[in-house]
file coords38.cif (mmCIF, C-alpha atoms (C1' of nucleotides))
data_work
#
loop_
_atom_site.group_PDB
_atom_site.id
_atom_site.type_symbol
_atom_site.label_atom_id
_atom_site.label_comp_id
_atom_site.auth_asym_id
_atom_site.auth_seq_id
_atom_site.Cartn_x
_atom_site.Cartn_y
_atom_site.Cartn_z
ATOM 1 C CA MET Y 1 98.830 116.376 117.960
ATOM 2 C CA SER Y 2 102.523 116.301 117.273
ATOM 3 C CA ARG Y 3 104.328 114.612 114.417
ATOM 4 C CA PRO Y 4 103.459 115.087 110.767
ATOM 5 C CA LEU Y 5 101.121 112.411 109.498
ATOM 6 C CA ALA Y 6 102.773 109.777 107.355
ATOM 7 C CA HIS Y 7 100.807 108.530 104.362
ATOM 8 C CA PRO Y 8 102.318 105.688 102.390
ATOM 9 C CA ASP Y 9 102.321 106.037 98.615
ATOM 10 C CA ALA Y 10 100.804 103.382 96.346
ATOM 11 C CA ALA Y 11 103.978 101.313 96.126
ATOM 12 C CA ALA Y 12 104.300 101.166 99.898
ATOM 13 C CA VAL Y 13 100.797 99.798 100.400
ATOM 14 C CA THR Y 14 100.941 96.064 101.035
ATOM 15 C CA LEU Y 15 98.254 93.432 100.953
ATOM 16 C CA ALA Y 16 99.355 92.114 104.340
ATOM 17 C CA GLY Y 17 99.060 95.592 105.797
ATOM 18 C CA LEU Y 18 95.590 96.126 104.357
ATOM 19 C CA LEU Y 19 94.311 92.748 105.489
ATOM 20 C CA PHE Y 20 95.745 93.305 108.921
ATOM 21 C CA ALA Y 21 94.073 96.680 109.143
ATOM 22 C CA LEU Y 22 90.726 95.349 107.932
ATOM 23 C CA ALA Y 23 90.798 92.207 110.032
ATOM 24 C CA ASP Y 24 89.886 94.064 113.188
ATOM 25 C CA PRO Y 25 86.112 94.452 113.521
ATOM 26 C CA VAL Y 26 86.453 97.926 114.997
ATOM 27 C CA ARG Y 27 88.633 99.115 112.148
ATOM 28 C CA LEU Y 28 86.398 97.530 109.547
ATOM 29 C CA ALA Y 29 83.454 99.392 111.073
ATOM 30 C CA ILE Y 30 85.428 102.622 110.984
ATOM 31 C CA VAL Y 31 86.300 102.183 107.324
ATOM 32 C CA ARG Y 32 82.711 101.473 106.480
ATOM 33 C CA GLU Y 33 81.553 104.545 108.337
ATOM 34 C CA LEU Y 34 84.154 106.703 106.618
ATOM 35 C CA LEU Y 35 82.959 105.479 103.243
ATOM 36 C CA LYS Y 36 79.412 106.471 104.055
ATOM 37 C CA SER Y 37 80.429 110.064 104.664
ATOM 38 C CA GLN Y 38 82.498 111.267 101.747
ATOM 39 C CA ALA Y 39 83.310 114.501 103.596
ATOM 40 C CA GLY Y 40 85.465 112.640 106.104
ATOM 41 C CA LEU Y 41 85.044 112.099 109.796
ATOM 42 C CA ASN Y 42 87.077 112.589 112.906
ATOM 43 C CA CYS Y 43 87.743 110.052 115.601
ATOM 44 C CA THR Y 44 85.003 111.180 117.945
ATOM 45 C CA GLU Y 45 82.321 111.287 115.270
ATOM 46 C CA THR Y 46 83.265 107.885 113.972
ATOM 47 C CA THR Y 47 83.049 106.362 117.408
ATOM 48 C CA ALA Y 48 79.623 107.892 117.881
ATOM 49 C CA ARG Y 49 78.285 106.806 114.488
ATOM 50 C CA THR Y 50 79.513 103.258 114.654
ATOM 51 C CA GLY Y 51 78.022 102.922 118.102
ATOM 52 C CA LEU Y 52 81.323 101.551 119.299
ATOM 53 C CA SER Y 53 82.542 102.730 122.611
ATOM 54 C CA MET Y 54 86.255 103.048 123.160
ATOM 55 C CA PRO Y 55 88.672 105.423 124.808
ATOM 56 C CA LYS Y 56 90.320 108.114 122.706
ATOM 57 C CA SER Y 57 93.682 106.446 122.939
ATOM 58 C CA THR Y 58 92.344 103.267 121.393
ATOM 59 C CA CYS Y 59 90.590 105.164 118.644
ATOM 60 C CA SER Y 60 93.756 107.057 117.908
ATOM 61 C CA GLN Y 61 95.690 103.802 117.662
ATOM 62 C CA HIS Y 62 93.194 102.302 115.234
ATOM 63 C CA TYR Y 63 93.355 105.381 113.065
ATOM 64 C CA ARG Y 64 97.114 105.232 113.030
ATOM 65 C CA ILE Y 65 97.030 101.633 111.862
ATOM 66 C CA LEU Y 66 94.477 102.440 109.178
ATOM 67 C CA ARG Y 67 96.582 105.374 108.045
ATOM 68 C CA GLU Y 68 99.848 103.491 107.989
ATOM 69 C CA SER Y 69 98.295 100.643 106.051
ATOM 70 C CA GLY Y 70 97.278 103.122 103.357
ATOM 71 C CA LEU Y 71 93.570 102.634 103.859
ATOM 72 C CA ILE Y 72 92.828 106.173 104.956
ATOM 73 C CA GLU Y 73 94.314 109.628 104.756
ATOM 74 C CA SER Y 74 93.974 112.166 107.516
ATOM 75 C CA GLU Y 75 94.168 115.900 107.557
ATOM 76 C CA ARG Y 76 94.270 118.293 110.468
ATOM 77 C CA ARG Y 77 91.470 120.826 110.610
ATOM 78 C CA GLY Y 78 92.076 122.982 113.583
ATOM 79 C CA THR Y 79 92.001 120.730 116.573
ATOM 80 C CA GLU Y 80 90.476 117.749 114.865
ATOM 81 C CA LEU Y 81 91.763 115.153 112.469
ATOM 82 C CA VAL Y 82 89.527 114.410 109.534
ATOM 83 C CA SER Y 83 89.982 111.134 107.690
ATOM 84 C CA ARG Y 84 88.770 109.688 104.405
ATOM 85 C CA VAL Y 85 89.222 106.319 102.753
ATOM 86 C CA ARG Y 86 91.822 106.454 99.973
ATOM 87 C CA THR Y 87 89.476 104.805 97.498
ATOM 88 C CA GLN Y 88 91.344 105.925 94.422
ATOM 89 C CA LEU Y 89 94.732 104.733 95.565
ATOM 90 C CA LEU Y 90 93.286 101.433 96.722
ATOM 91 C CA ALA Y 91 91.433 100.856 93.479
ATOM 92 C CA GLU Y 92 94.649 101.503 91.619
ATOM 93 C CA ARG Y 93 96.858 99.323 93.749
ATOM 94 C CA PHE Y 94 94.504 96.400 94.357
ATOM 95 C CA PRO Y 95 91.489 96.752 92.097
ATOM 96 C CA GLY Y 96 88.350 95.201 93.499
ATOM 97 C CA LEU Y 97 89.788 94.303 96.871
ATOM 98 C CA LEU Y 98 88.132 96.902 99.049
ATOM 99 C CA ASP Y 99 84.900 96.544 97.114
ATOM 100 C CA SER Y 100 84.691 92.837 97.670
ATOM 101 C CA VAL Y 101 85.430 93.168 101.364
ATOM 102 C CA LEU Y 102 82.698 95.750 101.759
ATOM 103 C CA GLN Y 103 80.319 93.714 99.674
ATOM 104 C CA ALA Y 104 80.977 90.799 101.998
ATOM 105 C CA PHE Y 105 80.372 93.073 104.940
ATOM 106 C CA GLU Y 106 77.001 94.201 103.567
ATOM 107 C CA ARG Y 107 76.057 90.663 102.725
ATOM 108 C CA GLU Y 108 76.764 89.575 106.243
ATOM 109 C CA SER Y 109 74.871 92.523 107.719
ATOM 110 C CA ARG Y 110 71.821 91.738 105.618
ATOM 111 C CA ALA Y 111 71.896 88.105 106.666
ATOM 112 C CA ALA Y 112 72.129 89.126 110.318
ATOM 113 C CA ALA Y 113 69.192 91.493 109.889
ATOM 114 C CA ARG Y 114 67.092 88.738 108.299
ATOM 115 C CA ARG Y 115 67.882 86.444 111.196
ATOM 116 C CA ARG Y 116 66.807 89.106 113.665
ATOM 117 C CA VAL Y 117 63.515 89.573 111.868
ATOM 118 C CA SER Y 118 62.681 85.895 111.701
ATOM 119 C CA ARG Y 119 63.549 85.401 115.347
ATOM 120 C CA ALA Y 120 61.260 88.271 116.286
ATOM 121 C CA SER Y 121 58.339 86.916 114.259
ATOM 122 C CA ALA Y 122 58.809 83.445 115.711
ATOM 123 C CA ALA Y 123 58.754 84.895 119.224
ATOM 124 C CA GLY Y 124 55.788 87.239 118.629
ATOM 125 C CA MET J 1 95.785 63.230 117.065
ATOM 126 C CA SER J 2 92.859 63.680 119.361
ATOM 127 C CA ARG J 3 89.606 65.550 118.978
ATOM 128 C CA PRO J 4 87.304 65.383 115.965
ATOM 129 C CA LEU J 5 87.882 68.245 113.538
ATOM 130 C CA ALA J 6 85.266 70.972 113.664
ATOM 131 C CA HIS J 7 84.272 72.534 110.361
ATOM 132 C CA PRO J 8 81.888 75.472 110.484
ATOM 133 C CA ASP J 9 78.969 75.443 108.063
ATOM 134 C CA ALA J 10 78.310 78.327 105.664
ATOM 135 C CA ALA J 11 76.181 80.277 108.124
ATOM 136 C CA ALA J 12 78.879 80.105 110.784
ATOM 137 C CA VAL J 13 81.556 81.559 108.530
ATOM 138 C CA THR J 14 82.085 85.219 109.351
ATOM 139 C CA LEU J 15 83.857 87.952 107.453
ATOM 140 C CA ALA J 16 85.798 88.949 110.554
ATOM 141 C CA GLY J 17 86.974 85.372 110.967
ATOM 142 C CA LEU J 18 88.070 85.100 107.345
ATOM 143 C CA LEU J 19 89.885 88.417 107.358
ATOM 144 C CA PHE J 20 91.576 87.526 110.600
ATOM 145 C CA ALA J 21 92.690 84.211 109.173
ATOM 146 C CA LEU J 22 93.954 85.773 105.953
ATOM 147 C CA ALA J 23 95.639 88.712 107.617
ATOM 148 C CA ASP J 24 98.580 86.645 108.751
ATOM 149 C CA PRO J 25 101.240 86.373 106.032
ATOM 150 C CA VAL J 26 102.016 82.787 106.946
ATOM 151 C CA ARG J 27 98.395 81.756 106.713
ATOM 152 C CA LEU J 28 97.888 83.638 103.464
ATOM 153 C CA ALA J 29 100.858 81.776 102.025
ATOM 154 C CA ILE J 30 99.408 78.478 103.215
ATOM 155 C CA VAL J 31 96.058 79.189 101.600
ATOM 156 C CA ARG J 32 97.731 80.095 98.376
ATOM 157 C CA GLU J 33 99.779 76.926 98.408
ATOM 158 C CA LEU J 34 96.713 74.823 99.148
ATOM 159 C CA LEU J 35 94.936 76.366 96.175
ATOM 160 C CA LYS J 36 97.781 75.447 93.880
ATOM 161 C CA SER J 37 97.461 71.788 94.767
ATOM 162 C CA GLN J 38 93.849 70.736 94.409
ATOM 163 C CA ALA J 39 94.656 67.338 95.934
ATOM 164 C CA GLY J 40 95.263 68.895 99.327
ATOM 165 C CA LEU J 41 98.386 69.170 101.416
ATOM 166 C CA ASN J 42 99.462 68.363 104.915
ATOM 167 C CA CYS J 43 101.204 70.642 107.358
ATOM 168 C CA THR J 44 104.718 69.418 106.634
ATOM 169 C CA GLU J 45 104.368 69.639 102.862
ATOM 170 C CA THR J 46 102.905 73.096 103.048
ATOM 171 C CA THR J 47 105.742 74.339 105.186
ATOM 172 C CA ALA J 48 108.223 72.908 102.712
ATOM 173 C CA ARG J 49 106.508 74.321 99.626
ATOM 174 C CA THR J 50 105.993 77.793 100.969
ATOM 175 C CA GLY J 51 109.613 77.906 102.020
ATOM 176 C CA LEU J 52 108.476 79.030 105.440
ATOM 177 C CA SER J 53 110.205 77.522 108.377
ATOM 178 C CA MET J 54 108.219 77.009 111.547
ATOM 179 C CA PRO J 55 107.848 74.425 114.248
ATOM 180 C CA LYS J 56 105.076 71.863 113.965
ATOM 181 C CA SER J 57 103.183 73.369 116.841
ATOM 182 C CA THR J 58 102.957 76.725 115.111
ATOM 183 C CA CYS J 59 101.896 75.125 111.863
ATOM 184 C CA SER J 60 99.237 73.184 113.674
ATOM 185 C CA GLN J 61 97.941 76.386 115.262
ATOM 186 C CA HIS J 62 97.725 78.164 111.911
ATOM 187 C CA TYR J 63 95.844 75.257 110.414
ATOM 188 C CA ARG J 64 93.424 75.258 113.282
ATOM 189 C CA ILE J 65 92.699 78.943 112.767
ATOM 190 C CA LEU J 66 92.236 78.452 109.038
ATOM 191 C CA ARG J 67 89.917 75.544 109.699
ATOM 192 C CA GLU J 68 87.843 77.299 112.328
ATOM 193 C CA SER J 69 87.452 80.352 110.133
ATOM 194 C CA GLY J 70 85.950 78.145 107.431
ATOM 195 C CA LEU J 71 88.738 78.732 104.946
ATOM 196 C CA ILE J 72 89.910 75.146 104.793
ATOM 197 C CA GLU J 73 88.681 71.663 105.523
ATOM 198 C CA SER J 74 90.936 68.940 106.814
ATOM 199 C CA GLU J 75 90.709 65.200 106.700
ATOM 200 C CA ARG J 76 92.808 62.584 108.424
ATOM 201 C CA ARG J 77 94.627 60.175 106.176
ATOM 202 C CA GLY J 78 96.474 57.774 108.351
ATOM 203 C CA THR J 79 98.902 59.770 110.368
ATOM 204 C CA GLU J 80 98.631 62.941 108.362
ATOM 205 C CA LEU J 81 96.038 65.656 108.033
ATOM 206 C CA VAL J 82 95.247 66.715 104.509
ATOM 207 C CA SER J 83 93.650 70.098 103.941
ATOM 208 C CA ARG J 84 91.958 71.842 101.038
ATOM 209 C CA VAL J 85 90.522 75.308 100.616
ATOM 210 C CA ARG J 86 86.718 75.312 100.823
ATOM 211 C CA THR J 87 86.363 77.247 97.592
ATOM 212 C CA GLN J 88 82.768 76.316 96.971
ATOM 213 C CA LEU J 89 81.524 77.275 100.403
ATOM 214 C CA LEU J 90 83.464 80.521 100.304
ATOM 215 C CA ALA J 91 82.180 81.432 96.864
ATOM 216 C CA GLU J 92 78.674 80.800 98.096
ATOM 217 C CA ARG J 93 78.989 82.719 101.330
ATOM 218 C CA PHE J 94 81.072 85.660 100.137
ATOM 219 C CA PRO J 95 81.255 85.609 96.350
ATOM 220 C CA GLY J 96 84.393 87.158 94.958
ATOM 221 C CA LEU J 97 86.098 87.740 98.283
ATOM 222 C CA LEU J 98 88.738 85.040 98.176
ATOM 223 C CA ASP J 99 89.311 85.676 94.499
ATOM 224 C CA SER J 100 90.025 89.322 94.997
ATOM 225 C CA VAL J 101 92.376 88.664 97.875
ATOM 226 C CA LEU J 102 94.332 86.175 95.823
ATOM 227 C CA GLN J 103 94.313 88.454 92.834
ATOM 228 C CA ALA J 104 95.798 91.146 95.046
ATOM 229 C CA PHE J 105 98.375 88.666 96.265
ATOM 230 C CA GLU J 106 99.414 87.788 92.716
ATOM 231 C CA ARG J 107 99.510 91.422 91.746
ATOM 232 C CA GLU J 108 101.812 92.180 94.621
ATOM 233 C CA SER J 109 104.028 89.200 93.853
ATOM 234 C CA ARG J 110 104.387 90.283 90.234
ATOM 235 C CA ALA J 111 105.286 93.817 91.279
ATOM 236 C CA ALA J 112 107.902 92.496 93.683
ATOM 237 C CA ALA J 113 109.363 90.292 90.957
ATOM 238 C CA ARG J 114 109.591 93.258 88.581
ATOM 239 C CA ARG J 115 111.404 95.274 91.217
ATOM 240 C CA ARG J 116 113.878 92.462 91.745
ATOM 241 C CA VAL J 117 114.580 92.273 88.032
ATOM 242 C CA SER J 118 115.113 95.999 87.607
ATOM 243 C CA ARG J 119 117.354 96.175 90.652
ATOM 244 C CA ALA J 120 119.434 93.342 89.268
ATOM 245 C CA SER J 121 119.815 94.980 85.852
ATOM 246 C CA ALA J 122 120.727 98.307 87.451
ATOM 247 C CA ALA J 123 123.406 96.580 89.516
ATOM 248 C CA GLY J 124 124.713 94.385 86.682
ATOM 249 C "C1'" DC S 1 101.997 41.554 118.979
ATOM 250 C "C1'" DG S 2 106.073 44.806 120.358
ATOM 251 C "C1'" DT S 3 108.909 48.452 118.692
ATOM 252 C "C1'" DT S 4 109.958 52.332 116.152
ATOM 253 C "C1'" DA S 5 109.036 56.239 113.290
ATOM 254 C "C1'" DA S 6 106.186 59.888 111.395
ATOM 255 C "C1'" DA S 7 102.688 63.520 111.747
ATOM 256 C "C1'" DG S 8 100.097 66.301 114.623
ATOM 257 C "C1'" DT S 9 98.271 68.053 118.987
ATOM 258 C "C1'" DT S 10 98.480 69.852 123.581
ATOM 259 C "C1'" DC S 11 100.569 72.309 127.251
ATOM 260 C "C1'" DC S 12 102.861 75.940 129.127
ATOM 261 C "C1'" DA S 13 106.294 79.520 129.571
ATOM 262 C "C1'" DA S 14 108.274 83.315 127.145
ATOM 263 C "C1'" DA S 15 107.889 86.832 123.649
ATOM 264 C "C1'" DA S 16 105.203 89.993 121.133
ATOM 265 C "C1'" DT S 17 100.906 92.886 120.662
ATOM 266 C "C1'" DA S 18 96.975 95.368 122.054
ATOM 267 C "C1'" DT S 19 94.333 98.145 125.280
ATOM 268 C "C1'" DT S 20 93.682 101.982 128.067
ATOM 269 C "C1'" DG S 21 94.109 105.559 131.879
ATOM 270 C "C1'" DA S 22 96.841 109.502 132.734
ATOM 271 C "C1'" DA S 23 99.705 113.083 131.422
ATOM 272 C "C1'" DC S 24 100.752 115.944 127.650
ATOM 273 C "C1'" DT S 25 100.443 118.888 123.185
ATOM 274 C "C1'" DA S 26 98.009 121.908 119.858
ATOM 275 C "C1'" DC S 27 94.612 124.722 118.515
ATOM 276 C "C1'" DG S 28 90.681 127.911 118.854
ATOM 277 C "C1'" DG S 29 87.733 130.806 121.187
ATOM 278 C "C1'" DA S 30 86.351 134.113 125.069
ATOM 279 C "C1'" DT I 1 96.075 134.462 128.642
ATOM 280 C "C1'" DC I 2 93.114 130.836 130.261
ATOM 281 C "C1'" DC I 3 89.816 127.174 129.095
ATOM 282 C "C1'" DG I 4 87.878 123.529 126.655
ATOM 283 C "C1'" DT I 5 88.174 120.286 122.942
ATOM 284 C "C1'" DA I 6 90.554 116.790 120.020
ATOM 285 C "C1'" DG I 7 94.227 113.820 119.668
ATOM 286 C "C1'" DT I 8 98.729 111.788 120.869
ATOM 287 C "C1'" DT I 9 102.140 109.577 123.710
ATOM 288 C "C1'" DC I 10 103.613 106.897 127.522
ATOM 289 C "C1'" DA I 11 103.688 103.161 130.508
ATOM 290 C "C1'" DA I 12 101.480 99.534 132.844
ATOM 291 C "C1'" DT I 13 98.349 95.744 132.264
ATOM 292 C "C1'" DA I 14 96.055 92.277 129.622
ATOM 293 C "C1'" DT I 15 95.681 89.406 125.712
ATOM 294 C "C1'" DT I 16 97.555 86.728 121.946
ATOM 295 C "C1'" DT I 17 101.110 84.270 119.561
ATOM 296 C "C1'" DT I 18 105.133 81.426 119.352
ATOM 297 C "C1'" DG I 19 107.700 77.322 119.973
ATOM 298 C "C1'" DG I 20 110.026 73.529 122.727
ATOM 299 C "C1'" DA I 21 108.908 69.318 125.097
ATOM 300 C "C1'" DA I 22 105.920 65.744 126.142
ATOM 301 C "C1'" DC I 23 102.124 63.144 124.456
ATOM 302 C "C1'" DT I 24 98.744 60.667 121.060
ATOM 303 C "C1'" DT I 25 97.635 58.287 117.043
ATOM 304 C "C1'" DT I 26 98.536 55.588 113.085
ATOM 305 C "C1'" DA I 27 101.390 52.838 110.192
ATOM 306 C "C1'" DA I 28 105.362 49.973 109.002
ATOM 307 C "C1'" DC I 29 108.579 46.489 110.122
ATOM 308 C "C1'" DG I 30 110.146 42.533 112.173
#

call {"tool": "encode", "arguments": {"input": "coords38.cif", "output": "structure tokens"}}
result
Amino acid sequence: MSRPLAHPDAAAVTLAGLLFALADPVRLAIVRELLKSQAGLNCTETTARTGLSMPKSTCSQHYRILRESGLIESERRGTELVSRVRTQLLAERFPGLLDSVLQAFERESRAAARRRVSRASAAG
Amino acid sequence: MSRPLAHPDAAAVTLAGLLFALADPVRLAIVRELLKSQAGLNCTETTARTGLSMPKSTCSQHYRILRESGLIESERRGTELVSRVRTQLLAERFPGLLDSVLQAFERESRAAARRRVSRASAAG
DNA sequence: CGTTAAAGTTCCAAAATATTGAACTACGGA
DNA sequence: TCCGTAGTTCAATATTTTGGAACTTTAACG
């Protein structure tokens, strides 16, 4: 568990960094899951909830990238590392950005769900 | 200049694809430059205007990724390939997304400009 | 027509990144 | 103190990106 966790301040958060962090489907899913639970989640829980399966080392890497981009902040609680989305900082630095990405995500999810339904009714 | 250009339709445009395409600083700069010129630009012009220097093969690759993500459409005009941002399709598929990304880009550019100015006045 | 030039594309090797198993560190019980 | 749990780091492997060279296509010029 080693080194102290580095959290960039508002000025150090870059658009390129955020887009890079969000551009990975796994990380986008993690962010979304973190937003759903305002208490924060650890790596293991997130993996479980998103239904993604990945080794701990990969999860750890993704969290590091999310943290270093400024998207999330993490805090040690005993043996685990609990993370939350830095909504306030993000809203301040790039108002509307995270919202619109998540809105797009939801929009896409809804469309996918509709397609599943219509396929099922066509088949049945 | 070989194969016919493939342009995904609205339904085939995915958030992951768009974020991936936008997450590269070079591609983000290209998109921004394309938006500034509503007539469309070719690879060579874009490289010149953005001030980026890259070989043709790299430029071609970036354009292909932008095209396949649905961000831009390209049309052959003689020997060159002219591209435009598919603003309408994007607004339809993911309303507000591109806008907020570009707004964030401008915001960041302005902040960087301010920093340059204040550094210069501190030094002078 | 041939030739030449311009603009991109394709190919492929090298460079850069990402993934992941294994070893390791930290913490909290029993 | 010894175990088990949660994460991190390391190093090897796998994947992706970059860019030079060769190639294709179109146009312009004799």

call {"tool": "interface_residues", "arguments": {"input": "coords38.cif", "of": "chain I", "to": "chain Y", "cutoff": "9 Å", "atoms": "only C-alpha atoms (C1' of nucleotides)", "output": "short mmCIF file (atom, residue, chain, number, x, y, z; two decimals) with C-alpha atoms (C1' of nucleotides), in the frame of the given file"}}
result
data_model
loop_
_atom_site.label_atom_id
_atom_site.label_comp_id
_atom_site.auth_asym_id
_atom_site.auth_seq_id
_atom_site.Cartn_x
_atom_site.Cartn_y
_atom_site.Cartn_z
"C1'" DT I 5 88.17 120.29 122.94
"C1'" DA I 6 90.55 116.79 120.02
"C1'" DG I 7 94.23 113.82 119.67
"C1'" DT I 8 98.73 111.79 120.87
#

call {"tool": "residues_around", "arguments": {"input": "coords38.cif", "residues": "DA5 in chain S", "least_positions_apart": "4", "cutoff": "12 Å", "atoms": "all atoms listed in the file", "output": "PDB file with C-alpha atoms (C1' of nucleotides), in the frame of the given file"}}
result
ATOM      1  CA  THR J  79      98.902  59.770 110.368  1.00  0.00           C
TER       2      THR J  79
ATOM      3  C1'  DT I  26      98.536  55.588 113.085  1.00  0.00           C
ATOM      4  C1'  DA I  27     101.390  52.838 110.192  1.00  0.00           C
ATOM      5  C1'  DA I  28     105.362  49.973 109.002  1.00  0.00           C
ATOM      6  C1'  DC I  29     108.579  46.489 110.122  1.00  0.00           C
TER       7       DC I  29
END

call {"tool": "resolve_selection", "arguments": {"input": "coords38.cif", "expression": "the PyMOL selection byres ((chain J and resi 84-98) around 6)", "output": "PyMOL selection string"}}
result
(chain Y and resi 100+104) or (chain J and resi 34+40+71-73+83+99-101)

call {"tool": "write_last_selection", "arguments": {"input": "coords38.cif", "atoms": "C-alpha atoms", "output": "PDB file, in the frame of the given file"}}
result
ATOM      1  CA  SER Y 100      84.691  92.837  97.670  1.00  0.00           C
ATOM      2  CA  ALA Y 104      80.977  90.799 101.998  1.00  0.00           C
TER       3      ALA Y 104
ATOM      4  CA  LEU J  34      96.713  74.823  99.148  1.00  0.00           C
ATOM      5  CA  GLY J  40      95.263  68.895  99.327  1.00  0.00           C
ATOM      6  CA  LEU J  71      88.738  78.732 104.946  1.00  0.00           C
ATOM      7  CA  ILE J  72      89.910  75.146 104.793  1.00  0.00           C
ATOM      8  CA  GLU J  73      88.681  71.663 105.523  1.00  0.00           C
ATOM      9  CA  SER J  83      93.650  70.098 103.941  1.00  0.00           C
ATOM     10  CA  ASP J  99      89.311  85.676  94.499  1.00  0.00           C
ATOM     11  CA  SER J 100      90.025  89.322  94.997  1.00  0.00           C
ATOM     12  CA  VAL J 101      92.376  88.664  97.875  1.00  0.00           C
TER      13      VAL J 101
END

call {"tool": "interface_residues", "arguments": {"input": "coords38.cif", "of": "chain S", "to": "chain J", "cutoff": "12 Å", "atoms": "only C-alpha atoms (C1' of nucleotides)", "output": "list of chain:residue names"}}
result
S:DA5, S:DA6, S:DA7, S:DG8, S:DT9, S:DT10, S:DC11

call {"tool": "write_last_selection", "arguments": {"input": "coords38.cif", "atoms": "C-alpha atoms (C1' of nucleotides)", "output": "compact mmCIF listing (two decimals), in the coordinates of the input"}}
result
# COMPACT_ATOMS: atom_id res chain seq x y z
C1' DA S 5 109.04 56.24 113.29
C1' DA S 6 106.19 59.89 111.40
C1' DA S 7 102.69 63.52 111.75
C1' DG S 8 100.10 66.30 114.62
C1' DT S 9 98.27 68.05 118.99
C1' DT S 10 98.48 69.85 123.58
C1' DC S 11 100.57 72.31 127.25

call {"tool": "atom_distance", "arguments": {"input": "coords38.cif", "atom1": "CA of Leu35 in chain Y", "atom2": "CA of Phe105 in chain J"}}
result
23.9 Å

call {"tool": "atom_distance", "arguments": {"input": "coords38.cif", "atom1": "CA of Glu106 in chain J", "atom2": "CA of Val31 in chain J"}}
result
12.8 Å

call {"tool": "resolve_selection", "arguments": {"input": "coords38.cif", "expression": "the PyMOL selection byres ((chain S and resi 17) around 9)", "output": "ChimeraX atom specification"}}
result
/S:16,18 /I:15-17

call {"tool": "residues_around", "arguments": {"input": "coords38.cif", "residues": "DG19 in chain I", "least_positions_apart": "3", "cutoff": "10 Å", "atoms": "all atoms listed in the file", "output": "list in words"}}
result
Met54, Pro55, Lys56, Ser57 and Thr58 of chain J; DA13 and DA14 of chain S

call {"tool": "atom_distance", "arguments": {"input": "coords38.cif", "atom1": "CA of Ala39 in chain Y", "atom2": "C1' of DA26 in chain S"}}
result
23.1 Å

call {"tool": "closest_residue", "arguments": {"input": "coords38.cif", "among": "J:Leu41, J:Val82, J:Val117, J:Ala16", "to": "chain Y", "atoms": "all atoms listed in the file"}}
result
J:Ala16

call {"tool": "axis_aligned_box", "arguments": {"input": "coords38.cif", "around": "range 2-12 of chain S", "padding_each_side": "6 Å", "output": "lines of an AutoDock Vina configuration file"}}
result
center_x = 104.1
center_y = 60.4
center_z = 120.3
size_x = 23.7
size_y = 43.1
size_z = 29.7

call {"tool": "closest_residue", "arguments": {"input": "coords38.cif", "among": "Y:Leu19, Y:Ala6, Y:Ala48, Y:Ala111", "to": "chain J", "atoms": "all atoms listed in the file"}}
result
Y:Leu19

call {"tool": "residues_around", "arguments": {"input": "coords38.cif", "residues": "DA12 in chain I", "least_positions_apart": "6", "cutoff": "12 Å", "atoms": "only C-alpha atoms (C1' of nucleotides)", "output": "PDB file with C-alpha atoms (C1' of nucleotides), in the frame of the given file"}}
result
ATOM      1  C1'  DT S  19      94.333  98.145 125.280  1.00  0.00           C
ATOM      2  C1'  DT S  20      93.682 101.982 128.067  1.00  0.00           C
ATOM      3  C1'  DG S  21      94.109 105.559 131.879  1.00  0.00           C
ATOM      4  C1'  DA S  22      96.841 109.502 132.734  1.00  0.00           C
TER       5       DA S  22
END

call {"tool": "closest_residue", "arguments": {"input": "coords38.cif", "among": "J:Ala29, J:Leu66, J:Ala123, J:Ala112", "to": "Ala11 in chain Y", "atoms": "all atoms listed in the file"}}
result
J:Ala112

call {"tool": "closest_residue", "arguments": {"input": "coords38.cif", "among": "Y:Arg107, Y:Thr47, Y:Arg76, Y:Asp9", "to": "chain J", "atoms": "all atoms listed in the file"}}
result
Y:Arg107

call {"tool": "build_atoms", "arguments": {"input": "coords38.cif", "residues": "range 109-116 of chain Y", "atoms": "N, CA and C atoms", "output": "tab-separated table (two decimals), in the coordinates of the input"}}
result
chain	number	residue	atom	x	y	z
Y	109	SER	N	75.80	91.68	106.96
Y	109	SER	CA	74.87	92.52	107.72
Y	109	SER	C	73.43	92.21	107.35
Y	110	ARG	N	73.18	92.05	106.06
Y	110	ARG	CA	71.82	91.74	105.62
Y	110	ARG	C	71.36	90.41	106.19
Y	111	ALA	N	72.25	89.43	106.14
Y	111	ALA	CA	71.90	88.10	106.67
Y	111	ALA	C	71.57	88.19	108.15
Y	112	ALA	N	72.36	88.97	108.88
Y	112	ALA	CA	72.13	89.13	110.32
Y	112	ALA	C	70.78	89.79	110.56
Y	113	ALA	N	70.47	90.78	109.75
Y	113	ALA	CA	69.19	91.49	109.89
Y	113	ALA	C	68.03	90.53	109.63
Y	114	ARG	N	68.14	89.72	108.60
Y	114	ARG	CA	67.09	88.74	108.30
Y	114	ARG	C	66.89	87.79	109.47
Y	115	ARG	N	68.01	87.35	110.05
Y	115	ARG	CA	67.88	86.44	111.20
Y	115	ARG	C	67.15	87.11	112.35
Y	116	ARG	N	67.47	88.40	112.57
Y	116	ARG	CA	66.81	89.11	113.66
Y	116	ARG	C	65.31	89.16	113.44
